[in-house]
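Below is input.cif, which holds mmCIF, N, CA and C atoms.
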```cif
data_model
#
loop_
_atom_site.label_atom_id
_atom_site.label_comp_id
_atom_site.auth_asym_id
_atom_site.auth_seq_id
_atom_site.Cartn_x
_atom_site.Cartn_y
_atom_site.Cartn_z
N MET A 1 -5.66 -52.66 24.47
CA MET A 1 -6.69 -51.78 23.97
C MET A 1 -6.36 -51.32 22.56
N SER A 2 -7.36 -50.99 21.82
CA SER A 2 -7.20 -50.53 20.46
C SER A 2 -6.92 -49.03 20.45
N ALA A 3 -6.25 -48.54 19.39
CA ALA A 3 -5.90 -47.13 19.30
C ALA A 3 -7.13 -46.25 19.16
N GLY A 4 -8.24 -46.79 18.75
CA GLY A 4 -9.44 -46.00 18.55
C GLY A 4 -10.26 -45.84 19.82
N TRP A 5 -9.95 -46.58 20.88
CA TRP A 5 -10.72 -46.53 22.11
C TRP A 5 -10.24 -45.42 23.02
N PRO A 6 -11.15 -44.77 23.77
CA PRO A 6 -10.72 -43.75 24.72
C PRO A 6 -9.79 -44.35 25.76
N GLY A 7 -8.78 -43.60 26.14
CA GLY A 7 -7.85 -44.03 27.15
C GLY A 7 -6.73 -44.88 26.60
N ALA A 8 -6.74 -45.20 25.33
CA ALA A 8 -5.68 -46.03 24.75
C ALA A 8 -4.43 -45.20 24.59
N SER A 9 -3.28 -45.81 24.76
CA SER A 9 -2.03 -45.07 24.61
C SER A 9 -1.73 -44.91 23.12
N HIS A 10 -1.23 -43.75 22.79
CA HIS A 10 -0.91 -43.44 21.39
C HIS A 10 0.59 -43.44 21.24
N ASN A 11 1.09 -44.22 20.31
CA ASN A 11 2.51 -44.24 20.02
C ASN A 11 2.84 -43.45 18.77
N THR A 12 1.84 -43.02 18.04
CA THR A 12 2.08 -42.27 16.82
C THR A 12 1.86 -40.80 17.11
N PRO A 13 2.65 -39.93 16.45
CA PRO A 13 2.45 -38.49 16.69
C PRO A 13 1.11 -38.03 16.15
N GLU A 14 0.52 -37.07 16.85
CA GLU A 14 -0.76 -36.54 16.42
C GLU A 14 -0.54 -35.51 15.32
N PRO A 15 -1.51 -35.34 14.41
CA PRO A 15 -1.36 -34.32 13.37
C PRO A 15 -1.35 -32.93 13.99
N PRO A 16 -0.68 -31.98 13.34
CA PRO A 16 -0.62 -30.62 13.91
C PRO A 16 -1.99 -29.97 13.97
N VAL A 17 -2.19 -29.17 14.99
CA VAL A 17 -3.44 -28.45 15.16
C VAL A 17 -3.42 -27.26 14.22
N GLU A 18 -4.58 -26.97 13.61
CA GLU A 18 -4.64 -25.83 12.69
C GLU A 18 -4.30 -24.56 13.42
N GLY A 19 -3.41 -23.75 12.81
CA GLY A 19 -2.97 -22.50 13.43
C GLY A 19 -1.78 -22.71 14.34
N GLY A 20 -1.43 -23.96 14.64
CA GLY A 20 -0.30 -24.24 15.50
C GLY A 20 0.96 -24.41 14.69
N PRO A 21 2.06 -24.81 15.36
CA PRO A 21 3.30 -24.99 14.63
C PRO A 21 3.16 -26.14 13.63
N GLY A 22 3.80 -25.99 12.50
CA GLY A 22 3.73 -27.03 11.49
C GLY A 22 2.64 -26.80 10.46
N THR A 23 1.87 -25.76 10.58
CA THR A 23 0.86 -25.46 9.57
C THR A 23 1.38 -24.34 8.70
N SER A 24 0.89 -24.26 7.47
CA SER A 24 1.44 -23.31 6.52
C SER A 24 0.59 -22.07 6.34
N HIS A 25 -0.64 -22.05 6.80
CA HIS A 25 -1.45 -20.85 6.58
C HIS A 25 -1.19 -19.83 7.68
N ARG A 26 -1.69 -18.64 7.49
CA ARG A 26 -1.42 -17.52 8.41
C ARG A 26 -1.94 -17.82 9.80
N PRO A 27 -1.20 -17.36 10.83
CA PRO A 27 -1.67 -17.58 12.20
C PRO A 27 -2.97 -16.82 12.45
N GLY A 28 -3.85 -17.46 13.16
CA GLY A 28 -5.10 -16.81 13.52
C GLY A 28 -6.16 -16.89 12.45
N GLY A 29 -5.81 -17.35 11.27
CA GLY A 29 -6.78 -17.43 10.19
C GLY A 29 -7.11 -18.87 9.88
N THR A 30 -8.17 -19.05 9.19
CA THR A 30 -8.54 -20.39 8.76
C THR A 30 -8.20 -20.52 7.29
N PRO A 31 -8.05 -21.74 6.79
CA PRO A 31 -7.69 -21.89 5.38
C PRO A 31 -8.67 -21.22 4.43
N GLY A 32 -9.94 -21.15 4.76
CA GLY A 32 -10.93 -20.52 3.88
C GLY A 32 -10.97 -19.01 3.99
N ALA A 33 -10.28 -18.44 4.99
CA ALA A 33 -10.32 -16.99 5.20
C ALA A 33 -9.65 -16.23 4.07
N GLU A 34 -8.61 -16.81 3.45
CA GLU A 34 -7.94 -16.11 2.36
C GLU A 34 -8.88 -15.95 1.17
N GLY A 35 -9.72 -16.93 0.92
CA GLY A 35 -10.69 -16.82 -0.16
C GLY A 35 -11.71 -15.73 0.10
N HIS A 36 -12.11 -15.59 1.38
CA HIS A 36 -13.06 -14.53 1.74
C HIS A 36 -12.40 -13.16 1.59
N ARG A 37 -11.13 -13.05 1.97
CA ARG A 37 -10.42 -11.78 1.82
C ARG A 37 -10.29 -11.40 0.35
N ARG A 38 -9.96 -12.39 -0.46
CA ARG A 38 -9.81 -12.14 -1.90
C ARG A 38 -11.14 -11.70 -2.50
N GLY A 39 -12.23 -12.33 -2.07
CA GLY A 39 -13.55 -11.96 -2.56
C GLY A 39 -13.94 -10.56 -2.11
N ALA A 40 -13.59 -10.21 -0.87
CA ALA A 40 -13.89 -8.87 -0.36
C ALA A 40 -13.10 -7.81 -1.13
N LYS A 41 -11.83 -8.11 -1.41
CA LYS A 41 -11.01 -7.16 -2.18
C LYS A 41 -11.57 -6.99 -3.58
N ALA A 42 -12.01 -8.07 -4.19
CA ALA A 42 -12.59 -7.98 -5.53
C ALA A 42 -13.88 -7.16 -5.51
N LEU A 43 -14.68 -7.33 -4.47
CA LEU A 43 -15.91 -6.56 -4.36
C LEU A 43 -15.62 -5.07 -4.19
N VAL A 44 -14.66 -4.73 -3.36
CA VAL A 44 -14.28 -3.32 -3.17
C VAL A 44 -13.74 -2.75 -4.48
N ALA A 45 -12.90 -3.51 -5.18
CA ALA A 45 -12.36 -3.03 -6.46
C ALA A 45 -13.48 -2.81 -7.47
N ALA A 46 -14.46 -3.69 -7.52
CA ALA A 46 -15.59 -3.52 -8.44
C ALA A 46 -16.40 -2.27 -8.09
N LEU A 47 -16.63 -2.04 -6.80
CA LEU A 47 -17.36 -0.84 -6.39
C LEU A 47 -16.61 0.44 -6.74
N VAL A 48 -15.29 0.45 -6.54
CA VAL A 48 -14.49 1.62 -6.90
C VAL A 48 -14.53 1.84 -8.40
N LEU A 49 -14.47 0.78 -9.18
CA LEU A 49 -14.54 0.91 -10.63
C LEU A 49 -15.89 1.47 -11.07
N ILE A 50 -16.96 1.00 -10.47
CA ILE A 50 -18.30 1.52 -10.80
C ILE A 50 -18.40 3.00 -10.44
N LEU A 51 -17.90 3.37 -9.27
CA LEU A 51 -17.93 4.79 -8.88
C LEU A 51 -17.09 5.65 -9.82
N LEU A 52 -15.95 5.13 -10.27
CA LEU A 52 -15.11 5.87 -11.21
C LEU A 52 -15.82 6.07 -12.54
N ILE A 53 -16.49 5.03 -13.02
CA ILE A 53 -17.23 5.14 -14.29
C ILE A 53 -18.35 6.16 -14.16
N VAL A 54 -19.09 6.13 -13.06
CA VAL A 54 -20.17 7.10 -12.84
C VAL A 54 -19.59 8.52 -12.75
N PHE A 55 -18.43 8.66 -12.09
CA PHE A 55 -17.78 9.97 -11.96
C PHE A 55 -17.40 10.52 -13.34
N VAL A 56 -16.85 9.67 -14.20
CA VAL A 56 -16.45 10.10 -15.55
C VAL A 56 -17.68 10.50 -16.36
N ILE A 57 -18.74 9.69 -16.30
CA ILE A 57 -19.95 10.00 -17.07
C ILE A 57 -20.59 11.30 -16.60
N ARG A 58 -20.63 11.50 -15.29
CA ARG A 58 -21.27 12.71 -14.77
C ARG A 58 -20.45 13.97 -15.04
N ASN A 59 -19.14 13.82 -15.31
CA ASN A 59 -18.27 14.97 -15.54
C ASN A 59 -17.72 14.99 -16.96
N SER A 60 -18.51 14.56 -17.93
CA SER A 60 -18.02 14.50 -19.30
C SER A 60 -18.43 15.71 -20.14
N GLN A 61 -19.13 16.66 -19.54
CA GLN A 61 -19.54 17.83 -20.32
C GLN A 61 -18.33 18.72 -20.62
N ARG A 62 -18.45 19.47 -21.70
CA ARG A 62 -17.37 20.38 -22.09
C ARG A 62 -17.47 21.68 -21.29
N VAL A 63 -16.30 22.19 -20.91
CA VAL A 63 -16.25 23.45 -20.17
C VAL A 63 -15.33 24.40 -20.89
N SER A 64 -15.53 25.68 -20.66
CA SER A 64 -14.69 26.70 -21.27
C SER A 64 -13.57 27.05 -20.31
N ILE A 65 -12.34 26.92 -20.78
CA ILE A 65 -11.17 27.25 -19.96
C ILE A 65 -10.47 28.42 -20.62
N ASP A 66 -10.22 29.46 -19.85
CA ASP A 66 -9.53 30.64 -20.36
C ASP A 66 -8.06 30.55 -19.99
N PHE A 67 -7.26 30.04 -20.95
CA PHE A 67 -5.82 30.06 -20.77
C PHE A 67 -5.36 31.49 -20.98
N ILE A 68 -4.16 31.80 -20.65
CA ILE A 68 -3.70 33.19 -20.72
C ILE A 68 -3.75 33.72 -22.15
N LEU A 69 -3.32 32.93 -23.11
CA LEU A 69 -3.26 33.40 -24.48
C LEU A 69 -4.39 32.86 -25.37
N SER A 70 -5.14 31.90 -24.88
CA SER A 70 -6.21 31.33 -25.71
C SER A 70 -7.31 30.77 -24.82
N THR A 71 -8.36 30.29 -25.46
CA THR A 71 -9.48 29.68 -24.74
C THR A 71 -9.67 28.27 -25.29
N GLY A 72 -9.94 27.32 -24.37
CA GLY A 72 -10.15 25.94 -24.79
C GLY A 72 -11.48 25.42 -24.28
N HIS A 73 -11.92 24.31 -24.84
CA HIS A 73 -13.18 23.68 -24.44
C HIS A 73 -12.98 22.18 -24.21
N PRO A 74 -12.17 21.81 -23.22
CA PRO A 74 -11.98 20.38 -22.95
C PRO A 74 -13.13 19.81 -22.12
N ARG A 75 -13.19 18.52 -22.03
CA ARG A 75 -14.17 17.89 -21.14
C ARG A 75 -13.70 18.08 -19.71
N LEU A 76 -14.64 18.23 -18.81
CA LEU A 76 -14.33 18.50 -17.41
C LEU A 76 -13.49 17.39 -16.79
N ILE A 77 -13.74 16.15 -17.15
CA ILE A 77 -13.00 15.04 -16.56
C ILE A 77 -11.50 15.14 -16.87
N TRP A 78 -11.16 15.60 -18.10
CA TRP A 78 -9.74 15.74 -18.43
C TRP A 78 -9.10 16.85 -17.64
N LEU A 79 -9.85 17.88 -17.38
CA LEU A 79 -9.34 18.97 -16.54
C LEU A 79 -9.07 18.47 -15.12
N ILE A 80 -9.97 17.66 -14.60
CA ILE A 80 -9.80 17.09 -13.26
C ILE A 80 -8.57 16.17 -13.23
N VAL A 81 -8.41 15.33 -14.25
CA VAL A 81 -7.28 14.40 -14.30
C VAL A 81 -5.95 15.16 -14.38
N VAL A 82 -5.87 16.16 -15.26
CA VAL A 82 -4.63 16.92 -15.41
C VAL A 82 -4.29 17.67 -14.13
N CYS A 83 -5.27 18.30 -13.51
CA CYS A 83 -5.01 19.02 -12.26
C CYS A 83 -4.59 18.07 -11.14
N THR A 84 -5.17 16.88 -11.10
CA THR A 84 -4.78 15.89 -10.10
C THR A 84 -3.34 15.45 -10.30
N LEU A 85 -2.95 15.21 -11.56
CA LEU A 85 -1.57 14.81 -11.84
C LEU A 85 -0.58 15.91 -11.51
N ILE A 86 -0.91 17.14 -11.87
CA ILE A 86 -0.03 18.27 -11.54
C ILE A 86 0.10 18.43 -10.03
N GLY A 87 -1.02 18.35 -9.33
CA GLY A 87 -0.98 18.47 -7.87
C GLY A 87 -0.18 17.35 -7.22
N GLY A 88 -0.34 16.12 -7.73
CA GLY A 88 0.44 14.99 -7.20
C GLY A 88 1.92 15.17 -7.43
N ALA A 89 2.30 15.66 -8.63
CA ALA A 89 3.72 15.87 -8.93
C ALA A 89 4.31 16.96 -8.05
N VAL A 90 3.58 18.06 -7.88
CA VAL A 90 4.07 19.14 -7.02
C VAL A 90 4.21 18.66 -5.58
N GLY A 91 3.22 17.93 -5.08
CA GLY A 91 3.29 17.41 -3.72
C GLY A 91 4.43 16.43 -3.54
N TYR A 92 4.69 15.60 -4.55
CA TYR A 92 5.79 14.65 -4.47
C TYR A 92 7.13 15.37 -4.40
N PHE A 93 7.34 16.33 -5.30
CA PHE A 93 8.63 17.01 -5.34
C PHE A 93 8.84 17.92 -4.14
N LEU A 94 7.79 18.51 -3.60
CA LEU A 94 7.96 19.35 -2.41
C LEU A 94 8.10 18.51 -1.14
N GLY A 95 7.53 17.32 -1.13
CA GLY A 95 7.54 16.51 0.08
C GLY A 95 8.72 15.57 0.21
N ARG A 96 9.45 15.32 -0.87
CA ARG A 96 10.56 14.38 -0.76
C ARG A 96 11.79 15.07 -0.17
N PRO A 97 12.65 14.28 0.47
CA PRO A 97 13.85 14.89 1.05
C PRO A 97 14.81 15.36 -0.03
N ALA A 98 15.70 16.23 0.36
CA ALA A 98 16.66 16.77 -0.60
C ALA A 98 17.59 15.66 -1.08
N GLY A 99 18.29 15.91 -2.15
CA GLY A 99 19.17 14.91 -2.75
C GLY A 99 20.31 14.50 -1.85
N ARG A 100 20.81 15.41 -1.04
CA ARG A 100 21.90 15.09 -0.12
C ARG A 100 21.38 15.08 1.29
N SER A 101 22.02 14.31 2.14
CA SER A 101 21.57 14.25 3.53
C SER A 101 22.03 15.48 4.29
N ARG A 102 21.50 15.70 5.47
CA ARG A 102 21.86 16.86 6.29
C ARG A 102 23.33 16.86 6.65
N ARG A 103 23.88 15.67 6.87
CA ARG A 103 25.26 15.56 7.28
C ARG A 103 26.17 16.14 6.21
N HIS A 104 25.87 15.90 4.94
CA HIS A 104 26.70 16.41 3.86
C HIS A 104 26.53 17.91 3.71
N ARG A 105 25.34 18.42 3.95
CA ARG A 105 25.12 19.87 3.85
C ARG A 105 25.77 20.61 5.01
N ALA A 106 25.92 19.92 6.17
CA ALA A 106 26.48 20.58 7.35
C ALA A 106 27.99 20.73 7.24
N GLY A 107 28.60 20.13 6.23
CA GLY A 107 30.02 20.37 6.03
C GLY A 107 30.89 19.15 6.27
N GLY A 108 30.55 18.03 5.74
CA GLY A 108 31.45 16.91 5.82
C GLY A 108 30.76 15.61 6.12
N SER A 109 31.57 14.57 6.11
CA SER A 109 31.05 13.24 6.36
C SER A 109 31.08 12.94 7.84
N ALA A 110 30.60 11.77 8.21
CA ALA A 110 30.56 11.37 9.62
C ALA A 110 31.96 11.23 10.17
N ALA A 111 32.90 10.72 9.37
CA ALA A 111 34.26 10.53 9.86
C ALA A 111 34.95 11.87 10.08
N ALA A 112 34.72 12.84 9.19
CA ALA A 112 35.37 14.13 9.33
C ALA A 112 34.79 14.93 10.48
N SER A 113 33.53 14.75 10.79
CA SER A 113 32.92 15.53 11.86
C SER A 113 33.09 14.89 13.22
N GLY A 114 33.62 13.66 13.27
CA GLY A 114 33.84 13.01 14.54
C GLY A 114 32.66 12.20 15.02
N GLU A 115 31.59 12.12 14.21
CA GLU A 115 30.44 11.33 14.61
C GLU A 115 30.79 9.86 14.54
N GLY A 116 30.27 9.09 15.45
CA GLY A 116 30.48 7.66 15.44
C GLY A 116 31.74 7.22 16.17
N GLU A 117 32.53 8.16 16.63
CA GLU A 117 33.75 7.80 17.35
C GLU A 117 33.47 7.74 18.83
N LEU A 118 34.25 6.92 19.53
CA LEU A 118 34.13 6.83 20.98
C LEU A 118 34.85 8.02 21.61
N PRO A 119 34.37 8.49 22.77
CA PRO A 119 35.07 9.61 23.42
C PRO A 119 36.47 9.18 23.86
N ARG A 120 37.40 10.09 23.74
CA ARG A 120 38.78 9.78 24.10
C ARG A 120 38.99 10.08 25.59
N PRO A 121 39.77 9.22 26.26
CA PRO A 121 40.02 9.43 27.70
C PRO A 121 40.92 10.57 28.02
#
```

Once you've parsed the file, please lay out its structure as structure tokens.
Amino acid sequence: MSAGWPGASHNTPEPPVEGGPGTSHRPGGTPGAEGHRRGAKALVAALVLILLIVFVIRNSQRVSIDFILSTGHPRLIWLIVVCTLIGGAVGYFLGRPAGRSRRHRAGGSAAASGEGELPRP
């Protein structure tokens, strides 16, 4: 029988099944899925950029700010940006762990405190 006929014995290995072992793309996805994901990410990025531009245009009017010793008239968008940066910096510094670990603050290293040692009989 010929190799192309049903029921014929195959002596050559079959090509790997898509998504099975021996394929290089992500499991569960199809080769064209990465292009769709990339297109979706580009679309979301474009929408965010459009919203950001509209936000800047709508908040470009000048406002009066009363600093303690003087008064200024910056654009509202710059006030929003500066306050966002200050808030982010404060949140970062308050939320990060201290420079030293608790073990060092408690009075010594793991070896000095007996941590990590097996109990003695």

Spatial neighbours of Arg58 of chain A, 8 Å, all atoms listed in the file, chain gap at least 4 places, as a PDB file with N, CA and C atoms, in the coordinates of the input:
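As written to disk, selection_25.pdb reads:
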```pdb
ATOM      1  N   LEU A  52     -15.950   5.130 -10.270  1.00  0.00           N
ATOM      2  CA  LEU A  52     -15.110   5.870 -11.210  1.00  0.00           C
ATOM      3  C   LEU A  52     -15.820   6.070 -12.540  1.00  0.00           C
ATOM      4  N   ILE A  53     -16.490   5.030 -13.020  1.00  0.00           N
ATOM      5  CA  ILE A  53     -17.230   5.140 -14.290  1.00  0.00           C
ATOM      6  C   ILE A  53     -18.350   6.160 -14.160  1.00  0.00           C
ATOM      7  N   VAL A  54     -19.090   6.130 -13.060  1.00  0.00           N
ATOM      8  CA  VAL A  54     -20.170   7.100 -12.840  1.00  0.00           C
ATOM      9  C   VAL A  54     -19.590   8.520 -12.750  1.00  0.00           C
ATOM     10  N   LEU A  76     -14.640  18.230 -18.810  1.00  0.00           N
ATOM     11  CA  LEU A  76     -14.330  18.500 -17.410  1.00  0.00           C
ATOM     12  C   LEU A  76     -13.490  17.390 -16.790  1.00  0.00           C
ATOM     13  N   ILE A  77     -13.740  16.150 -17.150  1.00  0.00           N
ATOM     14  CA  ILE A  77     -13.000  15.040 -16.560  1.00  0.00           C
ATOM     15  C   ILE A  77     -11.500  15.140 -16.870  1.00  0.00           C
TER      16      ILE A  77
END
```

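A straight line drawn from atom CA of Phe55 of chain A to atom CA of Ile80 of chain A is 10.8 Å long.
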
Emit as AutoDock Vina command-line options the padded axis-aligned box for all listed atoms of segment 49-53 of chain A, 4 Å per side, with centre and edge lengths in Å to one decimal.
```
--center_x -16.4 --center_y 3.5 --center_z -11.6 --size_x 11.9 --size_y 13.4 --size_z 13.4
```

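The two atoms in question, atom CA of His73 of chain A and atom N of Gly91 of chain A, are spaced 26.0 Å apart.
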
- Task: Please measure the separation of atom CA of Asp66 of chain A and atom CA of Val90 of chain A, giving the value in Å to one decimal.
- Result: 22.3 Å

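The set of residues that the PyMOL selection byres ((chain A and resi 64) around 8) takes from this file is A:Gln61, A:Arg62, A:Val63, A:Ile65, A:Asp66, A:Phe67, A:Thr71, A:Gly72, A:His73, A:Pro74, A:Arg75, A:Leu76.
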